[in-house]
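One structure is given here, and the rest of the page talks about it.
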Amino acid sequence: MSDLNQLSGHQLSGNQMSGNQMSGGVPKVQVDFDKCASNGLCEALAPKVFYLDDDDFLQFHKQELDEADLEPVRRAVASCPTAAISIVEG
Ligand code: SF4
């Protein structure tokens, strides 16, 4: 308890974040639709972010990524066979 108080009181004042945070911006996912092969792999890995519509076009549920979205979307980036997905910071 007191450790936490010390941290918030002395070390995390102002704009300082916890090291792995970028300053301020929200990470966003982008897809190069010219490259996308509509195979749905990213939807399978990150269904809260990607889906294929009725015409098999890739769509987003959302592009601004929460902390919880980052890991599945990073997996989708690594697994996309056409390297169509990217994450832009802020
Ligand atoms: S994994 Fe890549 S190629 Fe497949 S649907 Fe997603 S963006 Fe398109």
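Every chain in the structure tokens has a letter given in the order shown (A, B, ...), and although residue numbers restart at 1 in each chain, ligands are simply numbered from 1 in the order shown.
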Inset, instruction - Check which residues fall inside 10 Å of ligand 1 when counting only C-alpha atoms and all ligand atoms, and print them as a VMD selection string. - result: chain A and resid 30 to 46 50 to 52 56 to 59 75 to 86
Inset, instruction - Write out as an NGL selection string each polymer residue whose atoms come within 9 Å of Asp69 of chain A, counting only C-alpha atoms; drop sequence neighbours fewer than 4 positions from it. - result: :A and (46 or 48-49 or 65 or 73-74)
